[in-house]
$ cat target.txt   # compact mmCIF, C-alpha atoms
# COMPACT_ATOMS: atom_id res chain seq x y z
CA MET A 260 10.01 -10.67 -30.85
CA ASP A 261 7.09 -9.18 -32.73
CA ASP A 262 8.08 -5.75 -34.06
CA THR A 263 4.68 -4.36 -33.02
CA THR A 264 5.48 -4.91 -29.33
CA ASN A 265 6.67 -1.79 -27.57
CA ALA A 266 8.93 -3.07 -24.79
CA SER A 267 11.93 -2.03 -22.79
CA SER A 268 15.26 -3.62 -23.60
CA PRO A 269 15.58 -7.12 -22.13
CA MET A 270 17.56 -7.45 -18.93
CA ALA A 271 19.78 -9.98 -20.66
CA GLY A 272 22.44 -10.39 -17.99
CA PHE A 273 20.01 -10.54 -15.10
CA PRO A 274 18.50 -12.93 -14.22
CA HIS A 275 19.95 -15.73 -16.39
CA PRO A 276 18.48 -18.00 -17.79
CA TRP A 277 15.53 -15.59 -18.11
CA ALA A 278 15.45 -12.16 -19.69
CA LEU A 279 12.77 -9.69 -18.59
CA ALA A 280 11.26 -6.63 -20.21
CA PHE A 281 8.36 -4.33 -19.48
CA SER A 282 5.86 -4.55 -22.33
CA ALA A 283 3.66 -1.53 -23.09
CA SER A 284 1.92 -2.45 -26.32
CA GLY A 285 -1.46 -0.98 -25.40
CA PRO A 286 -4.51 -1.42 -23.16
CA GLY A 287 -4.99 -5.00 -22.04
CA ASP A 288 -1.49 -6.04 -23.10
CA THR A 289 0.67 -4.01 -20.74
CA GLY A 290 2.66 -6.15 -18.38
CA LEU A 291 5.77 -8.19 -17.83
CA LEU A 292 7.34 -9.87 -20.84
CA LEU A 293 9.34 -13.01 -20.09
CA MET A 294 11.94 -14.23 -22.56
CA GLN A 295 14.11 -17.29 -22.83
CA GLU A 296 17.66 -17.07 -24.15
CA SER A 297 18.53 -18.90 -27.35
CA VAL A 298 22.26 -19.20 -28.07
CA ARG A 299 23.86 -20.18 -31.40
CA VAL A 300 27.54 -20.86 -32.02
CA PHE A 301 28.65 -20.71 -35.65
CA GLU A 302 31.73 -20.29 -37.81
CA GLY A 303 32.69 -16.75 -38.68
CA GLY A 304 35.27 -15.14 -40.96
CA ASN A 305 38.99 -15.82 -41.16
CA LEU A 306 41.33 -14.75 -38.40
CA PRO A 307 43.59 -11.82 -39.39
CA GLY A 308 47.04 -12.91 -40.49
CA PRO A 309 50.32 -11.51 -39.12
CA GLY A 310 51.06 -9.64 -42.34
CA GLY A 311 48.19 -7.20 -42.02
CA PRO A 312 45.23 -6.67 -44.41
CA GLY A 313 44.92 -9.26 -47.14
CA THR A 314 46.91 -11.90 -45.25
CA ASN A 315 44.12 -13.66 -43.39
CA SER A 316 44.84 -16.88 -41.57
CA PRO A 317 43.08 -20.06 -42.76
CA GLU A 318 41.74 -20.44 -39.21
CA LYS A 319 38.15 -19.28 -38.67
CA LEU A 320 36.60 -17.10 -35.99
CA THR A 321 33.99 -18.67 -33.74
CA GLN A 322 30.98 -16.38 -33.36
CA LEU A 323 28.28 -16.39 -30.70
CA SER A 324 24.72 -15.13 -31.14
CA ALA A 325 22.24 -14.74 -28.28
CA ASP A 326 18.58 -14.16 -29.12
CA PHE A 327 15.78 -13.58 -26.64
CA ASP A 328 12.51 -15.17 -27.68
CA ALA A 329 9.39 -13.73 -26.07
CA CYS A 330 7.66 -16.76 -24.61
CA LEU A 331 5.17 -15.42 -22.07
CA GLN A 332 3.48 -12.21 -21.01
CA VAL A 333 2.18 -11.78 -17.45
CA LEU A 334 -0.79 -9.39 -17.23
CA PRO A 335 -1.67 -8.20 -13.70
CA GLY A 336 -5.22 -7.02 -14.43
CA PHE A 337 -4.43 -3.30 -14.55
CA LEU A 338 -2.23 -0.98 -16.61
CA PRO A 339 1.14 -0.83 -14.84
CA ARG A 340 3.10 2.38 -14.96
CA ALA A 341 6.47 0.59 -15.01
CA LEU A 342 8.47 -2.30 -13.69
CA GLU A 343 10.16 -0.79 -10.64
CA VAL A 344 12.91 -1.98 -8.31
CA HIS A 345 11.60 -2.34 -4.77
CA ARG A 346 14.68 -3.97 -3.21
CA MET A 347 18.13 -4.92 -4.47
CA GLY A 348 20.62 -7.45 -3.09
CA ASP A 349 24.07 -8.35 -4.33
CA TYR A 350 22.62 -10.74 -6.92
CA ASP A 351 18.87 -10.81 -6.28
CA ALA A 352 16.14 -8.20 -6.61
CA GLU A 353 12.49 -7.61 -5.85
CA LEU A 354 10.57 -5.88 -8.64
CA VAL A 355 7.03 -4.51 -8.49
CA MET A 356 4.26 -3.38 -10.85
CA ARG A 357 1.60 -0.92 -9.68
CA ALA A 358 -1.23 0.81 -11.51
CA ALA A 359 -0.18 3.90 -13.44
CA ASP A 360 -2.99 5.99 -11.86
CA ASP A 361 -6.61 5.63 -10.73
CA SER A 362 -7.87 5.68 -14.32
CA ALA A 363 -5.65 2.69 -15.12
CA ARG A 364 -6.92 0.71 -12.14
CA PRO A 365 -10.31 -1.03 -12.16
CA ALA A 366 -12.64 0.35 -9.52
CA SER A 367 -12.83 -3.09 -7.93
CA LEU A 368 -9.12 -3.06 -7.10
CA PRO A 369 -7.76 -1.31 -3.99
CA ALA A 370 -5.22 1.44 -4.48
CA ASP A 371 -2.38 -0.68 -3.09
CA ALA A 372 -2.97 -3.68 -5.38
CA GLN A 373 0.28 -4.79 -6.98
CA LEU A 374 2.22 -7.65 -8.50
CA GLN A 375 5.66 -8.31 -7.02
CA LEU A 376 8.45 -10.41 -8.50
CA GLY A 377 11.56 -11.82 -6.84
CA VAL A 378 14.45 -12.73 -9.15
CA VAL A 379 17.83 -14.31 -8.50
CA ARG A 380 20.66 -14.18 -11.02
CA GLY A 381 21.19 -17.71 -12.29
CA SER A 382 17.91 -19.16 -10.99
CA PRO A 383 15.39 -20.71 -13.40
CA LEU A 384 12.60 -19.64 -10.97
CA LEU A 385 10.69 -16.33 -10.89
CA HIS A 386 8.86 -15.80 -7.57
CA PHE A 387 5.58 -13.83 -7.82
CA THR A 388 3.35 -12.34 -5.13
CA ALA A 389 -0.11 -11.11 -6.18
CA PHE A 390 -1.18 -8.59 -3.54
CA LYS A 391 -4.90 -7.84 -3.42
CA LEU A 392 -5.41 -9.06 -6.99
CA PRO A 393 -8.28 -11.42 -7.89
CA ARG A 394 -6.49 -12.89 -10.91
CA VAL A 395 -3.44 -12.76 -13.15
CA ALA A 396 -3.54 -13.52 -16.88
CA PHE A 397 -0.89 -15.21 -18.99
CA LYS A 398 -0.39 -14.89 -22.72
CA PHE A 399 1.93 -17.42 -24.34
CA MET A 400 3.57 -15.77 -27.31
CA ASN A 401 3.97 -19.01 -29.25
CA GLY A 402 0.80 -20.98 -28.59
CA SER A 403 1.42 -24.71 -28.36
CA PRO A 404 -0.90 -27.67 -27.78
CA ARG A 405 1.73 -29.23 -25.55
CA ILE A 406 0.29 -28.53 -22.11
CA SER A 407 0.05 -30.75 -19.04
CA PHE A 408 -1.43 -30.37 -15.55
CA GLY A 409 -0.63 -32.18 -12.33
CA THR A 410 0.52 -31.91 -8.74
CA VAL A 411 3.80 -32.58 -6.99
CA GLU A 412 4.22 -33.36 -3.31
CA VAL A 413 6.57 -31.23 -1.22
CA GLY A 414 6.92 -32.50 2.33
CA GLY A 415 3.37 -33.81 2.32
CA ALA A 416 1.90 -30.61 0.83
CA LYS A 417 0.34 -30.56 -2.64
CA ILE A 418 1.69 -28.08 -5.17
CA SER A 419 -0.20 -27.68 -8.45
CA CYS A 420 1.83 -27.37 -11.60
CA CYS A 421 1.08 -26.60 -15.22
CA VAL A 422 3.68 -27.08 -17.93
CA GLN A 423 3.34 -25.38 -21.30
CA GLN A 424 6.16 -25.20 -23.81
CA ASN A 425 9.31 -25.00 -21.65
CA THR A 426 7.62 -23.03 -18.87
CA VAL A 427 6.19 -24.43 -15.63
CA LEU A 428 3.74 -22.67 -13.31
CA PHE A 429 3.60 -23.63 -9.60
CA PHE A 430 0.93 -22.56 -7.11
CA PRO A 431 -0.41 -24.05 -3.84
CA SER A 432 -3.23 -26.51 -4.43
CA GLY A 433 -6.56 -25.28 -3.12
CA THR A 434 -5.73 -21.57 -3.25
CA ALA A 435 -6.28 -20.79 -6.93
CA ARG A 436 -7.80 -22.08 -10.16
CA TYR A 437 -5.95 -22.22 -13.45
CA GLN A 438 -8.14 -21.85 -16.54
CA SER A 439 -6.91 -22.08 -20.12
CA ALA A 440 -9.10 -20.35 -22.68
CA SER A 441 -6.81 -21.50 -25.49
CA THR A 442 -3.28 -22.74 -25.99
CA SER A 443 -2.08 -19.14 -25.70
CA ASP A 444 -4.36 -17.42 -23.16
CA SER A 445 -4.93 -18.56 -19.58
CA THR A 446 -5.83 -17.13 -16.17
CA LEU A 447 -4.90 -17.90 -12.58
CA THR A 448 -7.83 -16.89 -10.33
CA PHE A 449 -7.23 -16.66 -6.58
CA ASP A 450 -9.82 -17.89 -4.08
CA ASP A 451 -9.02 -15.09 -1.59
CA ALA A 452 -8.24 -11.84 -3.35
CA THR A 453 -7.73 -9.96 -0.05
CA ALA A 454 -4.58 -11.92 0.81
CA SER A 455 -1.11 -12.25 -0.67
CA ASN A 456 -1.14 -15.10 -3.18
CA TYR A 457 2.00 -16.84 -4.35
CA PHE A 458 2.84 -18.41 -7.68
CA VAL A 459 6.13 -19.25 -9.35
CA LEU A 460 7.19 -19.52 -12.98
CA GLY A 461 10.15 -21.66 -13.96
CA THR A 462 11.90 -22.47 -17.19
CA LEU A 463 13.03 -25.96 -18.14
CA PRO A 464 15.72 -27.18 -20.55
CA ASP A 465 14.52 -28.71 -23.80
CA ASN A 466 12.82 -32.11 -23.43
CA TRP A 467 12.45 -31.76 -19.65
CA PHE A 468 8.82 -30.65 -19.62
CA ASP A 469 7.50 -34.05 -18.50
CA ASP A 470 10.30 -34.90 -16.06
CA GLY A 471 8.66 -35.50 -12.67
CA SER A 472 11.94 -35.57 -10.76
CA ALA A 473 13.04 -32.16 -12.06
CA LEU A 474 9.58 -30.68 -11.38
CA THR A 475 9.67 -31.92 -7.78
CA GLN A 476 13.11 -30.43 -7.16
CA LEU A 477 12.04 -27.09 -8.62
CA ALA A 478 8.80 -27.18 -6.59
CA GLU A 479 10.81 -27.75 -3.40
CA ALA A 480 12.68 -24.50 -4.05
CA ALA A 481 9.84 -22.54 -5.65
CA PHE A 482 8.32 -21.14 -2.46
CA SER A 483 11.62 -20.31 -0.80
CA TYR A 484 11.25 -16.64 -1.75
CA PRO A 485 14.44 -14.55 -1.97
CA THR A 486 14.73 -11.86 0.71
CA GLY A 487 18.36 -10.84 0.24
CA SER A 488 21.69 -11.95 -1.19
CA THR A 489 25.26 -11.21 -0.16
CA VAL A 490 28.70 -11.86 -1.61
CA THR A 491 31.57 -11.89 0.91
CA TYR A 492 35.32 -12.08 0.30
CA THR A 493 37.97 -13.70 2.52
CA TYR A 494 41.65 -13.25 1.62
CA ASP A 495 44.27 -15.81 2.62
CA SER A 496 47.63 -14.02 2.34
CA THR A 497 49.58 -17.22 3.02
CA GLY A 498 47.91 -19.26 0.30
CA GLN A 499 47.39 -16.16 -1.89
CA THR A 500 43.74 -17.02 -2.53
CA VAL A 501 40.39 -15.30 -2.14
CA ASP A 502 37.27 -17.19 -1.08
CA VAL A 503 34.11 -15.68 -2.57
CA THR A 504 30.95 -16.86 -0.80
CA SER A 505 27.51 -16.17 -2.29
CA THR A 506 24.61 -16.57 0.15
CA LEU A 507 20.90 -16.33 -0.61
CA LYS A 508 18.46 -15.62 2.21
CA THR A 509 14.92 -16.91 1.70
CA ALA A 510 11.49 -16.85 3.32
CA ASN A 511 9.41 -20.03 3.47
CA VAL A 512 6.20 -18.25 2.40
CA LEU A 513 3.99 -21.36 2.54
CA GLY A 514 5.53 -22.84 5.69
CA LEU A 515 6.42 -26.04 3.84
CA PRO A 516 8.37 -28.80 5.63
CA VAL A 517 10.91 -28.65 2.79
CA ASN A 518 12.64 -25.29 2.46
CA THR A 519 15.56 -25.15 0.05
CA ALA A 520 17.14 -22.79 -2.44
CA ILE A 521 18.78 -23.20 -5.81
CA HIS A 522 21.64 -21.40 -7.52
CA GLY A 523 22.70 -21.24 -11.14
CA LEU A 524 26.48 -21.20 -11.59
CA LEU A 525 28.35 -19.93 -14.64
CA PRO A 526 31.75 -21.22 -15.89
CA GLY A 527 33.66 -18.74 -13.72
CA HIS A 528 32.13 -20.46 -10.69
CA TYR A 529 32.76 -24.10 -11.48
CA LEU A 530 35.54 -24.52 -14.07
CA PRO A 531 39.05 -25.33 -12.75
CA SER A 532 41.40 -22.35 -12.52
CA PRO A 533 44.28 -22.22 -15.03
CA MET A 534 46.03 -19.82 -12.63
CA GLN A 535 46.14 -22.56 -9.98
CA ASP A 536 47.26 -25.55 -12.03
CA ASN A 537 43.61 -26.29 -12.83
CA THR A 538 42.67 -26.83 -9.20
CA PRO A 539 38.92 -26.65 -8.46
CA VAL A 540 37.36 -23.22 -8.05
CA LEU A 541 34.04 -24.45 -6.62
CA GLN A 542 34.51 -25.58 -3.03
CA GLY A 543 32.57 -28.38 -1.34
CA ASN A 544 30.08 -30.54 -3.16
CA PRO A 545 26.81 -28.69 -3.85
CA THR A 546 24.05 -30.99 -5.09
CA PRO A 547 23.17 -30.64 -8.81
CA VAL A 548 19.49 -30.56 -9.77
CA ARG A 549 19.06 -33.69 -11.90
CA SER A 550 16.49 -35.30 -14.15
CA LYS A 551 14.98 -38.69 -13.37
CA ALA A 552 17.67 -40.17 -15.63
CA GLY A 553 20.41 -38.49 -13.59
CA LYS A 554 21.18 -35.78 -16.15
CA PRO A 555 22.14 -32.46 -14.46
CA MET A 556 20.00 -29.41 -15.23
CA ARG A 557 21.91 -27.03 -17.49
CA PHE A 558 21.10 -24.04 -19.70
CA LEU A 559 23.19 -22.57 -22.51
CA THR A 560 23.67 -18.80 -22.13
CA ALA A 561 25.81 -16.16 -23.78
CA ARG A 562 28.11 -16.37 -20.75
CA GLY A 563 28.53 -20.12 -21.01
CA GLU A 564 26.74 -23.12 -19.63
CA LEU A 565 24.61 -22.37 -16.57
CA ARG A 566 24.54 -25.30 -14.12
CA VAL A 567 21.80 -25.49 -11.46
CA PHE A 568 22.57 -26.63 -7.90
CA ALA A 569 20.38 -27.07 -4.82
CA ALA A 570 22.17 -24.97 -2.19
CA SER A 571 21.53 -21.83 -0.16
CA SER A 572 25.16 -20.74 -0.59
CA PHE A 573 28.31 -21.66 -2.47
CA THR A 574 31.97 -20.72 -2.22
CA CYS A 575 34.52 -20.23 -5.00
CA ARG A 576 38.27 -20.01 -4.38
CA TYR A 577 40.40 -17.93 -6.73
CA ALA A 578 44.14 -17.36 -6.94
CA TYR A 579 45.11 -13.82 -5.97
CA PRO A 580 48.87 -13.24 -5.78
CA GLY A 581 48.31 -9.50 -5.33
CA ILE A 582 48.85 -6.51 -7.60
CA LEU A 583 52.38 -5.52 -8.60
CA PRO A 584 52.25 -1.68 -8.79
CA TRP A 585 55.74 -1.29 -10.36
CA VAL A 586 58.32 -3.32 -12.25
CA PRO A 587 61.60 -3.89 -10.34
CA PRO A 588 64.57 -2.31 -12.12
CA LEU A 589 66.99 -4.51 -14.05
CA ASP A 590 70.55 -4.66 -12.93
CA ALA A 591 72.86 -2.67 -15.23
CA ARG A 592 74.95 -5.80 -15.73
CA ASP A 593 71.94 -7.90 -16.82
CA GLN A 594 72.47 -7.47 -20.55
CA GLU A 595 70.32 -10.49 -21.46
CA GLY A 596 67.41 -9.25 -19.34
CA ARG A 597 67.60 -5.77 -20.84
CA ALA A 598 67.69 -7.21 -24.35
CA GLN A 599 64.63 -9.33 -23.66
CA LEU A 600 62.79 -6.32 -22.19
CA GLU A 601 63.64 -4.18 -25.24
CA LYS A 602 62.45 -6.95 -27.54
CA TRP A 603 59.18 -7.29 -25.64
CA VAL A 604 58.53 -3.52 -25.59
CA ASN A 605 59.18 -3.23 -29.33
CA ALA A 606 56.94 -6.22 -30.10
CA VAL A 607 54.03 -4.94 -28.02
CA PHE A 608 54.18 -1.16 -28.14
CA ALA A 609 56.31 -0.10 -31.10
CA PRO A 610 54.19 1.14 -34.07

$ encode --input "target.txt" --output "structure tokens"
Amino acid sequence: MDDTTNASSPMAGFPHPWALAFSASGPGDTGLLLMQESVRVFEGGNLPGPGGPGTNSPEKLTQLSADFDACLQVLPGFLPRALEVHRMGDYDAELVMRAADDSARPASLPADAQLQLGVVRGSPLLHFTAFKLPRVAFKFMNGSPRISFGTVEVGGAKISCCVQQNTVLFFPSGTARYQSASTSDSTLTFDDATASNYFVLGTLPDNWFDDGSALTQLAEAAFSYPTGSTVTYTYDSTGQTVDVTSTLKTANVLGLPVNTAIHGLLPGHYLPSPMQDNTPVLQGNPTPVRSKAGKPMRFLTARGELRVFAASSFTCRYAYPGILPWVPPLDARDQEGRAQLEKWVNAVFAP
């Protein structure tokens, strides 16, 4: 990120694969800063040896570096006072930007004009609502000539899309006009500024920017706006397992015939459990979002590979044998057990 940009710390863990920050670099540039996570895995130093300092093992540490590259700034047309939380679910949130005060708001804008944003942890989609705003500006931080326009069909309805770099913009055809002044600056102007206007920004994996199948699947979920999320737990004492069900509630804001939702799952959701003889954690068969070549949509994050599925809910089953609050005493005649316990205590706790 440019050192001259005054921004809040990125919300790195929420909502993967995006990171968000509120940028306040001055008049005309104050708004929402969107960042994409870039992860590097590289060889580090030697592992410490058992003999203490100076006895390093020949084996190397594996180090992980996560960088957040500012890719896009969303400018609402006024000077926001902050990025505020309007509503919070278990793993989704609705954020809002309002004018700092009357002096920061153009006279042509009503006092209640605002830009809302719905985010879901693990979703590549960011759901925006422009309320009583005539336009929203975008500033791509790394201008690129690679830009394409088109439409995708969702249940017979036309959705306009614009792809630049690894970012895609969706909005309903016939409700707004997208104008690009350059490869870095563009504007989305709404035909009816008195209404709530919807647009969605998504991020794509590398080399997916021209994949029509992936764009259609994202467009089908784009206007299913998050309205709440819950995580529920069901314990099976006989099987000693806990089912964790994550459910996302959505609103079909455009009334499209196709109304779906997508989830991004991290390794703890889909990898087999070593505590259960590597039995599957993810229950059922949620549908992966795939490219036209059949490749599943995945993002590399600091928490592991994020895999994207088309589903309104998913369930994970984990082993849970319970918590042992005390260690049963050893029989006085169990000399072998006592010797093993003494050996273990000395190895772990003795200085």

$ atom_distance --input "target.txt" --atom1 "atom CA of Ser316 of chain A" --atom2 "atom CA of Gly563 of chain A"
26.4 Å

$ atom_distance --input "target.txt" --atom1 "atom CA of Arg357 of chain A" --atom2 "atom CA of Met294 of chain A"
21.2 Å

$ residues_around --input "target.txt" --residues "Leu474 of chain A" --least-positions-apart "6" --cutoff "10 Å" --atoms "all atoms listed in the file" --output "number ranges by chain"
A: 410-411, 420, 422, 427, 429, 461, 463, 467-468, 481, 549-551

$ residues_near_point --input "target.txt" --point "(3.1, 3.8, -14.8)" --cutoff "12 Å" --atoms "all atoms listed in the file" --output "PyMOL selection string"
chain A and resi 281-283+289-290+337-343+355-364+373

$ closest_residue --input "target.txt" --among "A:Pro545, A:Ser445, A:Pro431, A:Pro526" --to "Leu513 of chain A" --atoms "only C-alpha atoms"
A:Pro431

$ atom_distance --input "target.txt" --atom1 "atom CA of Arg566 of chain A" --atom2 "atom CA of Pro531 of chain A"
14.6 Å

$ closest_residue --input "target.txt" --among "A:Pro276, A:Gly523, A:Gly409, A:Pro539" --to "Val298 of chain A" --atoms "all atoms listed in the file"
A:Pro276

$ closest_residue --input "target.txt" --among "A:Ala352, A:Gly303, A:Gln322, A:Asp288" --to "Gly336 of chain A" --atoms "only C-alpha atoms"
A:Asp288

$ closest_residue --input "target.txt" --among "A:Gln599, A:Thr448, A:Gln535, A:Thr506" --to "Val379 of chain A" --atoms "only C-alpha atoms"
A:Thr506
